[in-house]
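Enquirer: Sharing coords-v8.cif (mmCIF, C-alpha atoms) below.
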```
data_coords
loop_
_atom_site.label_atom_id
_atom_site.label_comp_id
_atom_site.auth_asym_id
_atom_site.auth_seq_id
_atom_site.Cartn_x
_atom_site.Cartn_y
_atom_site.Cartn_z
CA GLY M 2 0.00 0.00 0.00
CA VAL M 3 1.02 3.60 -0.73
CA SER M 4 -0.44 7.07 -0.12
CA VAL M 5 -0.38 10.61 -1.49
CA GLN M 6 -1.71 13.95 -0.24
CA PHE M 7 -4.48 15.69 -2.24
CA ALA M 8 -5.15 19.42 -1.73
CA THR M 9 -7.20 22.23 -3.25
CA SER M 10 -6.26 25.91 -3.50
CA ASN M 11 -7.88 29.02 -4.92
CA GLY M 12 -7.74 29.68 -8.64
CA THR M 13 -10.39 32.21 -9.59
CA ALA M 14 -12.73 30.50 -7.12
CA THR M 15 -12.54 31.32 -3.41
CA ALA M 16 -12.65 28.67 -0.70
CA GLY M 17 -15.58 29.13 1.67
CA ILE M 18 -17.52 31.13 -0.93
CA ASP M 19 -17.42 29.04 -4.09
CA TYR M 20 -16.20 25.68 -2.80
CA THR M 21 -15.08 23.90 0.36
CA ALA M 22 -11.31 23.59 0.73
CA THR M 23 -10.30 19.93 0.72
CA VAL M 24 -7.08 18.38 2.01
CA THR M 25 -6.92 14.63 2.39
CA THR M 26 -4.53 11.70 2.22
CA LEU M 27 -5.43 9.10 -0.36
CA VAL M 28 -4.43 5.59 0.69
CA PHE M 29 -4.11 3.00 -2.08
CA ALA M 30 -4.22 -0.62 -0.96
CA ALA M 31 -2.19 -3.26 -2.74
CA GLY M 32 -3.53 -3.62 -6.28
CA GLU M 33 -5.67 -0.47 -6.07
CA THR M 34 -5.10 1.94 -8.99
CA THR M 35 -7.66 4.78 -8.69
CA LYS M 36 -9.26 6.97 -6.05
CA ASN M 37 -12.16 9.38 -6.43
CA VAL M 38 -12.08 12.68 -4.53
CA SER M 39 -15.12 14.91 -4.02
CA VAL M 40 -14.69 18.69 -3.79
CA PRO M 41 -17.90 20.22 -2.36
CA ILE M 42 -19.19 23.13 -4.48
CA LEU M 43 -21.22 25.90 -2.84
CA PRO M 44 -23.92 26.82 -5.40
CA ALA M 45 -24.72 30.24 -4.00
CA GLY M 46 -21.15 31.45 -4.42
CA VAL M 47 -20.57 30.77 -8.10
CA SER M 48 -20.63 33.75 -10.49
CA GLY M 49 -19.39 32.83 -13.93
CA ASP M 50 -17.02 29.93 -14.55
CA LEU M 51 -14.42 29.69 -11.77
CA THR M 52 -11.36 27.50 -11.24
CA VAL M 53 -9.92 25.50 -8.35
CA ASN M 54 -6.29 24.33 -8.35
CA LEU M 55 -5.65 20.66 -7.46
CA THR M 56 -2.26 19.36 -6.33
CA LEU M 57 -0.67 16.07 -5.28
CA ALA M 58 2.24 16.01 -2.83
CA ASN M 59 4.10 13.95 -0.24
CA PRO M 60 3.88 10.41 -1.64
CA ALA M 61 4.60 7.72 0.93
CA GLY M 62 5.24 4.01 1.00
CA GLY M 63 7.94 4.14 -1.66
CA ALA M 64 5.74 5.69 -4.36
CA THR M 65 6.86 8.76 -6.34
CA LEU M 66 5.05 11.62 -8.08
CA GLY M 67 4.52 11.47 -11.83
CA ALA M 68 4.77 14.32 -14.30
CA ARG M 69 1.19 15.50 -13.76
CA THR M 70 1.07 16.63 -10.13
CA SER M 71 -1.37 19.50 -10.65
CA ALA M 72 -4.73 19.89 -12.35
CA VAL M 73 -7.55 22.43 -12.61
CA LEU M 74 -11.18 21.93 -11.64
CA THR M 75 -13.59 24.30 -13.43
CA ILE M 76 -16.82 25.19 -11.65
CA VAL M 77 -19.32 25.83 -14.44
CA ASP M 78 -22.00 28.31 -13.49
CA ALA M 79 -25.51 26.93 -13.94
CA ALA M 80 -26.53 30.27 -15.49
CA LYS M 81 -25.29 31.71 -18.79
CA VAL M 82 -23.10 34.68 -17.94
CA VAL M 83 -21.36 37.15 -20.28
CA GLN M 84 -18.62 39.48 -19.10
CA PHE M 85 -15.23 40.99 -19.92
CA SER M 86 -12.30 38.60 -19.44
CA ALA M 87 -10.56 41.19 -17.22
CA LEU M 88 -11.34 44.42 -15.41
CA THR M 89 -8.40 46.26 -16.98
CA TYR M 90 -6.64 46.21 -20.35
CA THR M 91 -3.52 48.09 -21.48
CA VAL M 92 -2.29 49.25 -24.88
CA THR M 93 0.49 51.54 -26.11
CA GLU M 94 -0.82 54.56 -28.00
CA GLY M 95 -0.86 54.05 -31.75
CA SER M 96 -1.69 50.36 -31.40
CA ALA M 97 -4.99 48.48 -31.42
CA ALA M 98 -6.18 46.91 -28.17
CA THR M 99 -7.88 43.51 -28.28
CA ILE M 100 -10.75 43.30 -25.80
CA THR M 101 -12.04 39.81 -24.98
CA VAL M 102 -15.54 39.01 -23.75
CA VAL M 103 -16.21 35.54 -22.32
CA ARG M 104 -19.32 33.44 -21.81
CA GLY M 105 -19.60 31.29 -18.71
CA GLY M 106 -22.02 28.56 -17.84
CA PRO M 107 -23.76 26.31 -20.38
CA THR M 108 -22.68 27.06 -23.94
CA THR M 109 -25.79 25.70 -25.65
CA GLY M 110 -27.61 28.04 -27.99
CA THR M 111 -26.64 31.43 -29.41
CA VAL M 112 -25.99 34.46 -27.20
CA THR M 113 -25.41 38.05 -28.32
CA VAL M 114 -24.21 41.04 -26.31
CA PRO M 115 -23.71 44.68 -27.38
CA TYR M 116 -20.57 46.59 -26.39
CA THR M 117 -19.51 50.23 -26.45
CA THR M 118 -16.64 52.55 -25.58
CA ALA M 119 -16.86 55.91 -23.80
CA ASN M 120 -14.43 58.62 -22.76
CA GLY M 121 -12.63 58.21 -19.49
CA THR M 122 -9.62 60.52 -19.30
CA ALA M 123 -9.02 59.74 -22.99
CA THR M 124 -11.04 61.64 -25.59
CA ALA M 125 -12.35 60.35 -28.91
CA PRO M 126 -11.27 60.89 -31.65
CA THR M 127 -8.10 62.58 -30.36
CA ASP M 128 -6.87 59.57 -28.36
CA TYR M 129 -8.89 56.65 -29.73
CA ALA M 130 -11.64 55.71 -32.19
CA THR M 131 -15.09 55.14 -30.70
CA LYS M 132 -16.23 51.54 -31.10
CA THR M 133 -19.68 50.00 -30.74
CA GLY M 134 -21.05 46.70 -31.95
CA THR M 135 -22.55 43.34 -31.04
CA LEU M 136 -20.70 40.11 -30.30
CA THR M 137 -22.29 36.77 -31.20
CA PHE M 138 -21.51 33.56 -29.32
CA LEU M 139 -22.56 30.50 -31.30
CA ALA M 140 -23.32 27.19 -29.58
CA GLY M 141 -20.14 25.96 -27.90
CA GLY M 142 -18.39 29.34 -28.18
CA LYS M 143 -16.87 30.73 -25.01
CA SER M 144 -15.08 33.92 -26.11
CA GLN M 145 -15.36 36.75 -28.62
CA SER M 146 -13.18 39.82 -29.11
CA PHE M 147 -13.29 43.32 -30.55
CA THR M 148 -10.53 45.90 -31.09
CA VAL M 149 -10.16 49.51 -30.05
CA THR M 150 -7.81 51.59 -32.22
CA THR M 151 -5.74 54.24 -30.44
CA VAL M 152 -4.05 57.37 -31.83
CA ASN M 153 -0.30 58.00 -31.61
CA THR M 154 -0.39 61.58 -30.32
CA ALA M 155 2.65 63.82 -30.55
CA ALA M 156 2.37 65.21 -27.05
CA ALA M 157 3.70 63.60 -23.89
CA ASP M 158 0.26 63.53 -22.31
CA GLY M 159 0.58 60.55 -19.96
CA ALA M 160 -1.67 57.52 -19.56
CA ARG M 161 -5.33 57.95 -20.48
CA THR M 162 -8.34 55.67 -19.98
CA VAL M 163 -11.27 54.46 -22.06
CA ASN M 164 -14.39 53.06 -20.41
CA LEU M 165 -15.72 49.76 -21.80
CA SER M 166 -19.23 48.46 -21.15
CA LEU M 167 -21.54 45.63 -22.17
CA GLY M 168 -25.25 45.98 -22.82
CA THR M 169 -28.12 43.58 -22.19
CA PRO M 170 -27.35 40.10 -23.64
CA THR M 171 -29.83 37.86 -25.44
CA GLY M 172 -30.26 34.08 -25.55
CA GLY M 173 -31.05 33.71 -21.87
CA ALA M 174 -27.70 35.09 -20.70
CA THR M 175 -27.10 37.66 -17.98
CA LEU M 176 -24.23 40.04 -17.35
CA GLY M 177 -21.49 38.89 -14.99
CA PRO M 178 -19.69 41.07 -12.43
CA ASN M 179 -17.18 42.24 -15.08
CA ALA M 180 -19.82 44.01 -17.16
CA THR M 181 -17.60 47.11 -17.29
CA ALA M 182 -13.85 47.42 -17.74
CA THR M 183 -11.15 50.02 -18.35
CA LEU M 184 -8.66 50.30 -21.20
CA THR M 185 -5.51 52.26 -20.32
CA ILE M 186 -3.63 53.92 -23.20
CA GLN M 187 0.04 54.14 -22.27
CA ASP M 188 1.96 57.16 -23.56
CA ASN M 189 4.96 56.43 -25.79
CA ASP M 190 6.30 59.98 -25.72
CA ALA M 191 8.96 60.70 -23.10
CA PRO M 192 8.87 64.25 -21.68
CA GLY M 193 12.63 64.52 -22.18
CA THR M 194 15.95 64.02 -20.38
CA PHE M 195 17.78 66.68 -18.37
CA GLN M 196 21.55 66.97 -18.10
CA PHE M 197 24.31 69.53 -17.74
CA GLY M 198 25.63 70.86 -21.01
CA ALA M 199 29.22 70.19 -19.90
CA ALA M 200 31.05 68.24 -17.22
CA THR M 201 33.00 71.27 -15.94
CA TYR M 202 32.52 75.05 -15.87
CA GLY M 203 34.86 77.88 -14.94
CA VAL M 204 34.18 81.40 -13.75
CA VAL M 205 36.33 84.25 -12.46
CA GLU M 206 35.33 85.24 -8.96
CA GLY M 207 32.93 88.08 -8.97
CA GLY M 208 31.55 87.03 -12.38
CA ALA M 209 28.42 85.12 -13.42
CA SER M 210 28.75 81.35 -13.78
CA PRO M 211 27.78 80.19 -17.33
CA VAL M 212 26.12 76.90 -16.27
CA VAL M 213 23.90 75.37 -18.97
CA VAL M 214 21.23 72.70 -18.39
CA THR M 215 19.80 70.96 -21.48
CA ARG M 216 16.75 68.89 -22.25
CA THR M 217 16.87 66.31 -25.03
CA GLY M 218 14.05 64.21 -26.42
CA GLY M 219 10.38 64.76 -25.69
#
```
Show this structure as structure tokens.
Expert:
Amino acid sequence: GVSVQFATSNGTATAGIDYTATVTTLVFAAGETTKNVSVPILPAGVSGDLTVNLTLANPAGGATLGARTSAVLTIVDAAKVVQFSALTYTVTEGSAATITVVRGGPTTGTVTVPYTTANGTATAPTDYATKTGTLTFLAGGKSQSFTVTTVNTAAADGARTVNLSLGTPTGGATLGPNATATLTIQDNDAPGTFQFGAATYGVVEGGASPVVVTRTGG
């Protein structure tokens, strides 16, 4: 007989809210080749598809760990949920940002959801091109994307933000907690670099020192 420790840890799911943390030692008798482990799921806590990390450790009785010592358990929400894949996205000005929207829960049937952009600290069309549209998830589809084109401005105007939002979905889906998100446009213009114009200066006492400070770039 041999044994190995089985343990859960948080992925995107949270123990005590979405599932019950489970740590147990699996004991295999002589000739026994499989063990089933139950991880209790708390139905009230799930919001969208969530993940639980599974790990094996501390083999005993002369056994060793194989190559696959970790796995992922996905808790599939019983409800169809549509939301942004993240709360924040980042793009360098002048480039196009790819924004991903995901569908959780059962993937049967077709689901559509409208999306739109709005000014945050960034202003359209100076900093980015306004984008609106509708994403369509066909049966089995879990993700769809759209792009937001940004403008390469000449000024060193710092990071600016675009607000992203989803409208009311169809096909029996509802909006998840990430129904809004923020796109940050990173500035690619440096304000410049300061330095002395020379390593040494000389001045006769009683005179004015000709010290020069320069800015380059920006």
Enquirer: Would you list the contacts of M:Val24 as a list in words, taking every protein, DNA or RNA residue within 7 Å and counting all atoms listed in the file, but skipping same-chain residues closer than 6 positions in sequence?
Expert: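 Listed by chain and then number, they are Phe7, Ala8 and Thr9 of chain M.
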Enquirer: Pull out every residue that the PyMOL selection byres ((chain M and resi 10) around 8) matches in the shown coordinates and put them as JSON, numbers by chain.
Expert: {"M": [8, 9, 11, 12, 16, 22, 53, 54, 55]}
Enquirer: Rounded to one decimal place, report the atom CA of M:Thr175-atom CA of M:Val112 distance in Å.
Expert: 9.8 Å
Enquirer: On this structure, which residues satisfy the PyMOL selection byres ((chain M and resi 216) around 7), written as a list in words?
Expert: Gly193, Thr194, Phe195, Gln196, Thr215, Thr217 and Gly218 of chain M
Enquirer: Take atom CA of M:Gly173 and atom CA of M:Tyr116 and report the distance between them in Å, one decimal.
Expert: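 Rounded to one decimal, the two atoms are 17.2 Å apart.
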Enquirer: List the residues selected by the PyMOL selection byres ((chain M and resi 199) around 12) in the file shown, writing them as a PyMOL selection string.
Expert: chain M and resi 196-198+200-203+211-215
Enquirer: So the first atom is atom CA of M:Lys36 and the second is atom CA of M:Gly17; what is the distance between them in Å, to one decimal place?
Expert: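 Here the two named atoms are 24.3 Å from each other.
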Enquirer: Between M:Asp158, M:Glu33, M:Asp50, M:Glu206, single out the one closest to M:Glu94, counting all atoms listed in the file.
Expert: M:Asp158
Enquirer: Please determine, counting only C-alpha atoms, which residue among M:Gly172, M:Pro115, M:Gly62, M:Gly177 has the shortest atom-to-atom distance to M:Asp78.
Expert: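 Checking each of M:Gly172, M:Pro115, M:Gly62, M:Gly177 against M:Asp78, counting only C-alpha atoms, the winner is M:Gly177.
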Enquirer: Output as JSON lines one row per residue of stretch 166-209 of chain M within 12 Å of stretch 150-153 of chain M: the closest atom pair and its distance in Å to one decimal place, counting only C-alpha atoms, sorted by chain and residue number ascending.
Expert:
```
{"residue": "M:Leu184", "atom": "CA", "partner": "M:Thr151", "partner_atom": "CA", "distance": 10.5}
{"residue": "M:Thr185", "atom": "CA", "partner": "M:Thr151", "partner_atom": "CA", "distance": 10.3}
{"residue": "M:Ile186", "atom": "CA", "partner": "M:Thr151", "partner_atom": "CA", "distance": 7.5}
{"residue": "M:Gln187", "atom": "CA", "partner": "M:Thr151", "partner_atom": "CA", "distance": 10.0}
{"residue": "M:Asp188", "atom": "CA", "partner": "M:Asn153", "partner_atom": "CA", "distance": 8.4}
{"residue": "M:Asn189", "atom": "CA", "partner": "M:Asn153", "partner_atom": "CA", "distance": 8.0}
{"residue": "M:Asp190", "atom": "CA", "partner": "M:Asn153", "partner_atom": "CA", "distance": 9.1}
```
Enquirer: Kindly provide, as JSON, the centre and edge lengths (Å, one decimal) of an axis-aligned box around all atoms of stretch 110-125 of chain M given in the file, with 3 Å on each side.
Expert:
```
{"center_x": -18.3, "center_y": 44.8, "center_z": -24.4, "size_x": 24.6, "size_y": 39.6, "size_z": 16.1}
```
Enquirer: Rank M:Asn179, M:Thr13, M:Thr108, M:Thr21 by their smallest atom-to-atom distance to M:Val40, using all atoms listed in the file, and report the top residue only.
Expert: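 Among the listed residues, the smallest separation from M:Val40 belongs to M:Thr21.
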Enquirer: For M:Gln84, which residue among M:Leu165, M:Val28, M:Leu66, M:Val205 is the nearest when counting only C-alpha atoms?
Expert: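 Of the candidates, the smallest distance to M:Gln84 is held by M:Leu165.
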Enquirer: Which residues, written as a list in words, have at least one atom at most 12 Å from M:Thr99, with only C-alpha atoms counted and residues fewer than 3 positions away on the same chain left out?
Expert: Phe85, Ser86, Ala87, Thr89, Tyr90, Thr91, Val92, Thr93, Ser96, Val102, Lys132, Gln145, Ser146, Phe147, Thr148, Val149, Thr150, Thr151, Leu165 and Leu184 of chain M
Enquirer: So which residues fall inside 8 Å of (-22.3, 28.0, -19.4) if we count all atoms listed in the file? Mind giving them as a list of chain:residue names?
Expert: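 Every residue inside that radius is included here: M:Gly49, M:Asp50, M:Val77, M:Asp78, M:Ala79, M:Ala80, M:Lys81, M:Val82, M:Arg104, M:Gly105, M:Gly106, M:Pro107, M:Thr108, M:Thr109.
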Enquirer: Dump C-alpha atoms for the selected residues as a tab-separated table (two decimals), in the frame of the given file?
Expert:
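Everything below was put into part-v6.tsv:
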```tsv
chain	number	residue	atom	x	y	z
M	49	GLY	CA	-19.39	32.83	-13.93
M	50	ASP	CA	-17.02	29.93	-14.55
M	77	VAL	CA	-19.32	25.83	-14.44
M	78	ASP	CA	-22.00	28.31	-13.49
M	79	ALA	CA	-25.51	26.93	-13.94
M	80	ALA	CA	-26.53	30.27	-15.49
M	81	LYS	CA	-25.29	31.71	-18.79
M	82	VAL	CA	-23.10	34.68	-17.94
M	104	ARG	CA	-19.32	33.44	-21.81
M	105	GLY	CA	-19.60	31.29	-18.71
M	106	GLY	CA	-22.02	28.56	-17.84
M	107	PRO	CA	-23.76	26.31	-20.38
M	108	THR	CA	-22.68	27.06	-23.94
M	109	THR	CA	-25.79	25.70	-25.65
```
Enquirer: Using all atoms listed in the file, which residues sit within 12 Å of M:Ala125 once same-chain residues fewer than 2 positions away are excluded, as JSON, numbers by chain?
Expert: {"M": [118, 119, 120, 121, 122, 123, 127, 128, 129, 130, 131, 132, 149, 150, 151, 152, 161, 162, 163, 164]}
Enquirer: Kindly export the residues of the current selection with C-alpha atoms, as a PDB file, keeping the file's coordinate frame.
Expert:
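The result, written out as again33.pdb:
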```pdb
ATOM      1  CA  THR M 118     -16.640  52.550 -25.580  1.00  0.00           C
ATOM      2  CA  ALA M 119     -16.860  55.910 -23.800  1.00  0.00           C
ATOM      3  CA  ASN M 120     -14.430  58.620 -22.760  1.00  0.00           C
ATOM      4  CA  GLY M 121     -12.630  58.210 -19.490  1.00  0.00           C
ATOM      5  CA  THR M 122      -9.620  60.520 -19.300  1.00  0.00           C
ATOM      6  CA  ALA M 123      -9.020  59.740 -22.990  1.00  0.00           C
ATOM      7  CA  THR M 127      -8.100  62.580 -30.360  1.00  0.00           C
ATOM      8  CA  ASP M 128      -6.870  59.570 -28.360  1.00  0.00           C
ATOM      9  CA  TYR M 129      -8.890  56.650 -29.730  1.00  0.00           C
ATOM     10  CA  ALA M 130     -11.640  55.710 -32.190  1.00  0.00           C
ATOM     11  CA  THR M 131     -15.090  55.140 -30.700  1.00  0.00           C
ATOM     12  CA  LYS M 132     -16.230  51.540 -31.100  1.00  0.00           C
ATOM     13  CA  VAL M 149     -10.160  49.510 -30.050  1.00  0.00           C
ATOM     14  CA  THR M 150      -7.810  51.590 -32.220  1.00  0.00           C
ATOM     15  CA  THR M 151      -5.740  54.240 -30.440  1.00  0.00           C
ATOM     16  CA  VAL M 152      -4.050  57.370 -31.830  1.00  0.00           C
ATOM     17  CA  ARG M 161      -5.330  57.950 -20.480  1.00  0.00           C
ATOM     18  CA  THR M 162      -8.340  55.670 -19.980  1.00  0.00           C
ATOM     19  CA  VAL M 163     -11.270  54.460 -22.060  1.00  0.00           C
ATOM     20  CA  ASN M 164     -14.390  53.060 -20.410  1.00  0.00           C
TER      21      ASN M 164
END
```
Enquirer: Env of M:Val5: 7 Å cut, atoms = all atoms listed in the file, seq-sep filter 6 positions within chain, self excluded. Answer as number ranges by chain.
Expert: M: 26-28, 57-61
